[in-house]
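Okay, so here's the structure we're looking at.
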Amino acid sequence: MGLLRALATIGDYFPSPPRPARRPDLKRRLFYTFLALIAYFLMASTQAFPLAAYPQAKGPQLPVLINIIFASARGSIAQLGIGPLVTAGLIIQILAGAKLIELDLTKPEDRKLFTQAEKGLALIIALVEGLGFALYYRATGGLNMYVIMAIYLQFVFGAIVLMIMDEAIQKGWGIGSGVSLFILAGVARRIAWDMFSTVKVADQYYGFFPYIVDSVINGSIDMNRLFFGLVRVENQTYVLPTLTGFIVTLILIFVLVYLQQMKVNIPVVTQRAPGIRTRVPLQFLYVTNIPILLVGIVFSDLLLLNNLASAYLSDKAPWIANALRALVYYLAPPRSMLEVAYNPLRVTIFAIALVGLALLFGFMWVEIAGLSPSAQAENLIKAGLEIRGVRRNPKLLEAILGKYIYPLTFLSSLIVALIALIADIFSAYGTGMGILLAVGIVQQFYTLIAYERALEAYPLLKRLIGE
């Protein structure tokens with residue numbers, strides 16, 4: 001707890017927006033949420049000064065998956081995105097779930113301690129990550145320390161602004177959370193770029209629809225581009241958006257919408273009215289996208305280490321640089337379905353690593369995030385619920401719930417891993433993980449807006465639920 005309180009002390013110095021004296025109505029909150037979205041797009045589209053004057057300074061090329069998860073944009077003020085905040089939250093939640101720190105989030109004082117510690121740790125991570133990115137620009141562009149310091153401060157400033165906007169939205173100025181909003185914005189930005197970008201690569205439009213319109217007008221449709229998207233320019237191969245990727249994107253959206261509506265119902269009865277039966281629903285995608293999120297964080301950390309090792313250890317410790325380079329090569333996602341044919345070993349190793357780590361992280365997350373059979377059994381008992389015909393014994397309830405929860409954990413971890421794998425192989429727009437996140441977030445926003453509209457339409461409901 002000493003470390004947690006030290007982080008919370010740092011978080012106390014973090015600028016914090018005040019709560020509204022009276023919660024704004026739905027239209028005003030939607031307007032403020034829209035303003036936060038515009039601010040994010042401006043930050044993600046504004047290059048850090050003065051990087052535009054140094055085209056030779058190339059930042060680390062992080063996977064598209066990480067750019068989407070952390071809502072980051074290379075070289076922009078939003079270079080760090082929400083990465084520090086997401087990483088800090090995961091670290092503290094994992095420590096609390098593993099009982100390495102004593103934290104009861106049902107208590108207001110512990111929730112406040114968690115929030116402040118999360119902000120403090122996020123600030124530290126932003127300071128460290130921003131320095132790593134800035135030093136990488138120095139290594140690739142030969143920039144002096146004054147320029148690097150200016151770039152570094154802008155990266156940290158961008159992360160702090162995003163954290164402040166996230167907190168303001170959660171405190172009642174907006175709808176939902178800033179983290180979800182910025183992730184959704186990043187996914188939408190990527191999909192829109194794949195569909196409508198008018199940038200040209202080898203005399204071809206990058207965006208799929210501009211390419212189709214131009215090809216139909218000129219009568220020069222390239223089947224290789226249409227289905228595989230491979231374009232080679234000066235010994236470098238680019239993978240452009242394809243018809244196959246567009247179709248797979250639509251299919252994955254429909255599949256995910258269907259799967260997220262699926263639930264496994266556990267029949268229970270209440271002690272207060274034993275004759276009344278009800279059901280406790282468990283999501284079929286029980287671990288949602290957390291396993292792939294953690295896998296993506298691991299892969300991105302390896303890529304960042306590889307970039308730093310290539311820049312600083314190629315001469316001093318070449319064996320470390322070579323080992324990381326080989327590891328990153330095999331753990332990089334396939335860029336096209338043709339890669340399955342001409343490089344099956346690499347695709348197979350990536351698939352095994354992706355699925356294996358997703359299953360490992362899925363079971364780990366269930367145990368440490370309060371989703372395990374023992375935790376759910378305890379929740380049922382506290383709520384006065386019991387399974388019909390089973391004594392109120394935590395061990396018996398745990399054994400029965402384990403028959404539901406562990407298979408759901410395995411299946412949901414496997415499914416989200418396979419969705420991410422299929423999306424990478426067929427070059428889906430926005431990546432499979434991005435689509436998975438976007439569908440879930442859109443559903444959350446729809447539920448929240450419907451809930452707020454119901455409260456405004458029926459004011460009596462506010463009294464009944466204590467609003």
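FYI, nothing fancy with the structure tokens labels: chains A, B, ... in order, residues from 1 per chain, ligands from 1 as they appear.
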Distance table requested - segment 6-100 of chain A against segment 444-450 of chain A, cut-off 12 Å, only C-alpha atoms: one row per qualifying residue with the closest atom pair and its distance in Å to one decimal, ordered by chain and rising residue number, as CSV.
```
residue,atom,partner,partner_atom,distance
A:Asp25,CA,A:Ile449,CA,11.4
A:Leu26,CA,A:Ile449,CA,8.0
A:Lys27,CA,A:Ile449,CA,10.1
A:Arg29,CA,A:Ile449,CA,10.3
A:Leu30,CA,A:Ile449,CA,9.1
A:Thr33,CA,A:Phe445,CA,11.3
```
Tell me which protein, DNA and RNA residues are within 10 Å of Glu118 of chain A, counting only C-alpha atoms, leaving out same-chain ones fewer than 6 positions away, and put them as a short mmCIF file (atom, residue, chain, number, x, y, z; two decimals) with all heavy atoms, in the first residue's frame.
```cif
data_model
loop_
_atom_site.label_atom_id
_atom_site.label_comp_id
_atom_site.auth_asym_id
_atom_site.auth_seq_id
_atom_site.Cartn_x
_atom_site.Cartn_y
_atom_site.Cartn_z
N LEU A 4 1.34 2.27 -3.49
CA LEU A 4 0.09 2.78 -4.04
C LEU A 4 -0.19 4.20 -3.56
O LEU A 4 -0.62 5.06 -4.35
CB LEU A 4 -1.06 1.84 -3.64
CG LEU A 4 -2.31 1.85 -4.53
CD1 LEU A 4 -1.96 1.38 -5.93
CD2 LEU A 4 -3.39 0.98 -3.93
N LEU A 7 2.06 6.62 -5.38
CA LEU A 7 1.54 6.93 -6.71
C LEU A 7 0.33 7.86 -6.61
O LEU A 7 0.16 8.76 -7.44
CB LEU A 7 1.15 5.64 -7.43
CG LEU A 7 2.30 4.70 -7.82
CD1 LEU A 7 1.76 3.39 -8.38
CD2 LEU A 7 3.21 5.37 -8.84
N ALA A 8 -0.51 7.62 -5.59
CA ALA A 8 -1.69 8.48 -5.40
C ALA A 8 -1.27 9.91 -5.08
O ALA A 8 -1.93 10.87 -5.50
CB ALA A 8 -2.57 7.91 -4.30
N ILE A 10 1.40 11.39 -6.20
CA ILE A 10 1.76 11.98 -7.50
C ILE A 10 0.49 12.37 -8.25
O ILE A 10 0.40 13.43 -8.87
CB ILE A 10 2.62 11.01 -8.32
CG1 ILE A 10 3.94 10.72 -7.59
CG2 ILE A 10 2.88 11.56 -9.71
CD1 ILE A 10 4.78 9.65 -8.26
N GLY A 11 -0.51 11.47 -8.21
CA GLY A 11 -1.77 11.75 -8.89
C GLY A 11 -2.50 12.94 -8.34
O GLY A 11 -3.26 13.61 -9.07
N PRO A 84 -0.42 5.30 -21.83
CA PRO A 84 -0.07 5.37 -20.41
C PRO A 84 -1.23 5.11 -19.47
O PRO A 84 -1.10 4.40 -18.47
CB PRO A 84 0.46 6.80 -20.26
CG PRO A 84 0.93 7.18 -21.63
CD PRO A 84 -0.02 6.51 -22.56
N LEU A 85 -2.41 5.65 -19.80
CA LEU A 85 -3.57 5.49 -18.93
C LEU A 85 -4.07 4.04 -18.94
O LEU A 85 -4.35 3.46 -17.88
CB LEU A 85 -4.69 6.42 -19.39
CG LEU A 85 -5.92 6.53 -18.49
CD1 LEU A 85 -5.54 7.02 -17.12
CD2 LEU A 85 -6.96 7.44 -19.12
N VAL A 86 -4.14 3.42 -20.12
CA VAL A 86 -4.59 2.04 -20.22
C VAL A 86 -3.61 1.10 -19.52
O VAL A 86 -4.00 0.20 -18.76
CB VAL A 86 -4.78 1.63 -21.70
CG1 VAL A 86 -5.05 0.14 -21.83
CG2 VAL A 86 -5.91 2.43 -22.33
N THR A 87 -2.33 1.30 -19.77
CA THR A 87 -1.30 0.44 -19.16
C THR A 87 -1.32 0.57 -17.64
O THR A 87 -1.25 -0.43 -16.92
CB THR A 87 0.08 0.81 -19.70
OG1 THR A 87 0.07 0.74 -21.14
CG2 THR A 87 1.13 -0.15 -19.18
N ALA A 88 -1.44 1.81 -17.13
CA ALA A 88 -1.46 2.02 -15.68
C ALA A 88 -2.68 1.34 -15.05
O ALA A 88 -2.57 0.69 -14.00
CB ALA A 88 -1.47 3.52 -15.37
N GLY A 89 -3.83 1.49 -15.69
CA GLY A 89 -5.04 0.85 -15.16
C GLY A 89 -4.93 -0.66 -15.12
O GLY A 89 -5.33 -1.30 -14.14
N LEU A 90 -4.37 -1.25 -16.19
CA LEU A 90 -4.20 -2.71 -16.23
C LEU A 90 -3.22 -3.18 -15.15
O LEU A 90 -3.47 -4.18 -14.48
CB LEU A 90 -3.70 -3.13 -17.61
CG LEU A 90 -4.73 -3.18 -18.74
CD1 LEU A 90 -4.05 -3.46 -20.07
CD2 LEU A 90 -5.80 -4.22 -18.46
N ILE A 91 -2.13 -2.47 -14.98
CA ILE A 91 -1.12 -2.87 -13.99
C ILE A 91 -1.71 -2.87 -12.58
O ILE A 91 -1.59 -3.86 -11.83
CB ILE A 91 0.11 -1.94 -14.06
CG1 ILE A 91 0.89 -2.20 -15.35
CG2 ILE A 91 1.02 -2.16 -12.85
CD1 ILE A 91 2.03 -1.22 -15.58
N ILE A 92 -2.39 -1.79 -12.21
CA ILE A 92 -2.94 -1.70 -10.86
C ILE A 92 -4.07 -2.71 -10.66
O ILE A 92 -4.18 -3.34 -9.60
CB ILE A 92 -3.43 -0.27 -10.57
CG1 ILE A 92 -2.25 0.70 -10.60
CG2 ILE A 92 -4.13 -0.19 -9.22
CD1 ILE A 92 -2.62 2.14 -10.35
N GLN A 93 -4.89 -2.92 -11.71
CA GLN A 93 -5.97 -3.89 -11.58
C GLN A 93 -5.42 -5.31 -11.46
O GLN A 93 -5.95 -6.12 -10.70
CB GLN A 93 -6.90 -3.79 -12.79
CG GLN A 93 -8.22 -4.53 -12.59
CD GLN A 93 -9.27 -4.11 -13.58
OE1 GLN A 93 -9.07 -3.18 -14.35
NE2 GLN A 93 -10.40 -4.79 -13.58
N LYS A 112 -11.14 5.93 -4.68
CA LYS A 112 -10.41 7.19 -4.88
C LYS A 112 -8.91 6.94 -4.92
O LYS A 112 -8.19 7.52 -5.75
CB LYS A 112 -10.75 8.16 -3.75
CG LYS A 112 -10.06 9.51 -3.89
CD LYS A 112 -10.44 10.45 -2.76
CE LYS A 112 -9.71 11.79 -2.92
NZ LYS A 112 -10.03 12.72 -1.81
N ILE A 124 3.87 8.76 -14.81
CA ILE A 124 5.23 8.22 -14.85
C ILE A 124 5.48 7.47 -16.16
O ILE A 124 6.52 7.63 -16.81
CB ILE A 124 5.47 7.29 -13.64
CG1 ILE A 124 5.45 8.10 -12.34
CG2 ILE A 124 6.79 6.56 -13.77
CD1 ILE A 124 5.51 7.26 -11.09
#
```
**Request:** From the DSSP assignment of the backbone, select every residue of segment 152-347 of chain A that is strand (DSSP E), and format the answer as a PyMOL selection string.
**Result:** chain A and resi 200-201+204-205+230-233+236-239+263-270+277-283
Give me, as a CSV table (one decimal) with C-alpha atoms, in the first residue's frame, all polymer residues having an atom no more than 10 Å from Phe196 of chain A, counting only C-alpha atoms and skipping those fewer than 2 positions away in the same chain.
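Okay, part_2.csv is ready:
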```
chain,number,residue,atom,x,y,z
A,191,ILE,CA,-11.1,2.3,-41.5
A,192,ALA,CA,-12.0,5.7,-43.2
A,193,TRP,CA,-8.3,5.9,-44.3
A,194,ASP,CA,-8.4,2.4,-45.8
A,198,THR,CA,-6.6,9.7,-52.0
A,199,VAL,CA,-2.9,9.3,-51.3
A,205,TYR,CA,-4.9,5.4,-54.9
A,206,TYR,CA,-4.4,3.9,-51.4
A,207,GLY,CA,-8.1,4.1,-50.5
A,208,PHE,CA,-10.1,1.2,-51.9
A,209,PHE,CA,-13.1,3.2,-53.2
A,210,PRO,CA,-11.0,6.0,-54.9
A,211,TYR,CA,-9.0,3.2,-56.6
A,241,PRO,CA,-6.8,-2.1,-49.0
```
**Item:** Spatial neighbours of Pro18 of chain A, max dist 12 Å, only C-alpha atoms, sep filter under 6 positions, as a PyMOL selection string
**Value:** chain A and resi 164-165+167-173
**Message:** Applying 9 Å and only C-alpha atoms, which residues near segment 396-407 of chain A remain after dropping the ones on its own chain fewer than 5 positions away? List them as an MDAnalysis selection string.
**Reply:** chainID A and resid 264 266 282 286 363 366 371:378 380 386:387 390:391 412
**Prompt:** Counting only C-alpha atoms, which of A:Pro20, A:Gly132, A:Gly75, A:Pro15 gets nearest to Gly120 of chain A?
**Reply:** A:Pro15
**Request:** List the neighbours of Ile77 of chain A out to 12 Å using only C-alpha atoms; skip same-chain residues closer than 4 positions along the sequence, and give me the result as an NGL selection string.
**Result:** :A and (39-51 or 71-73 or 81-82 or 130 or 133-134 or 150-162)
**Request:** Could you check how far atom CA of Pro333 of chain A sits from atom CA of Ile69 of chain A, in Å to one decimal?
**Result:** 15.4 Å
**Prompt:** How far is it from atom CA of Tyr330 of chain A to atom CA of Leu293 of chain A, in Å with one decimal?
**Reply:** 18.8 Å
**Message:** Ranking A:Pro291, A:Pro344, A:Gly229, A:Pro334 by minimum distance to Gly356 of chain A and counting only C-alpha atoms, which one comes first?
**Reply:** A:Pro291
**Request:** Could you jot down the atom CA of Gln260 of chain A to atom CA of Gly434 of chain A separation for me, Å, one decimal place?
**Result:** 15.1 Å
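Counting only C-alpha atoms, the residue from A:Gln283, A:Ser336, A:Thr9, A:Asn218 that sits nearest to Thr115 of chain A is A:Thr9.
For Val239 of chain A, the residues within 9 Å (counting only C-alpha atoms, excluding itself and residues fewer than 2 positions away along the chain) are A:Arg225, A:Phe228, A:Gly229, A:Leu230, A:Val231, A:Arg232, A:Thr237, A:Pro241, A:Thr242, A:Arg335, A:Ser336, A:Ser427.
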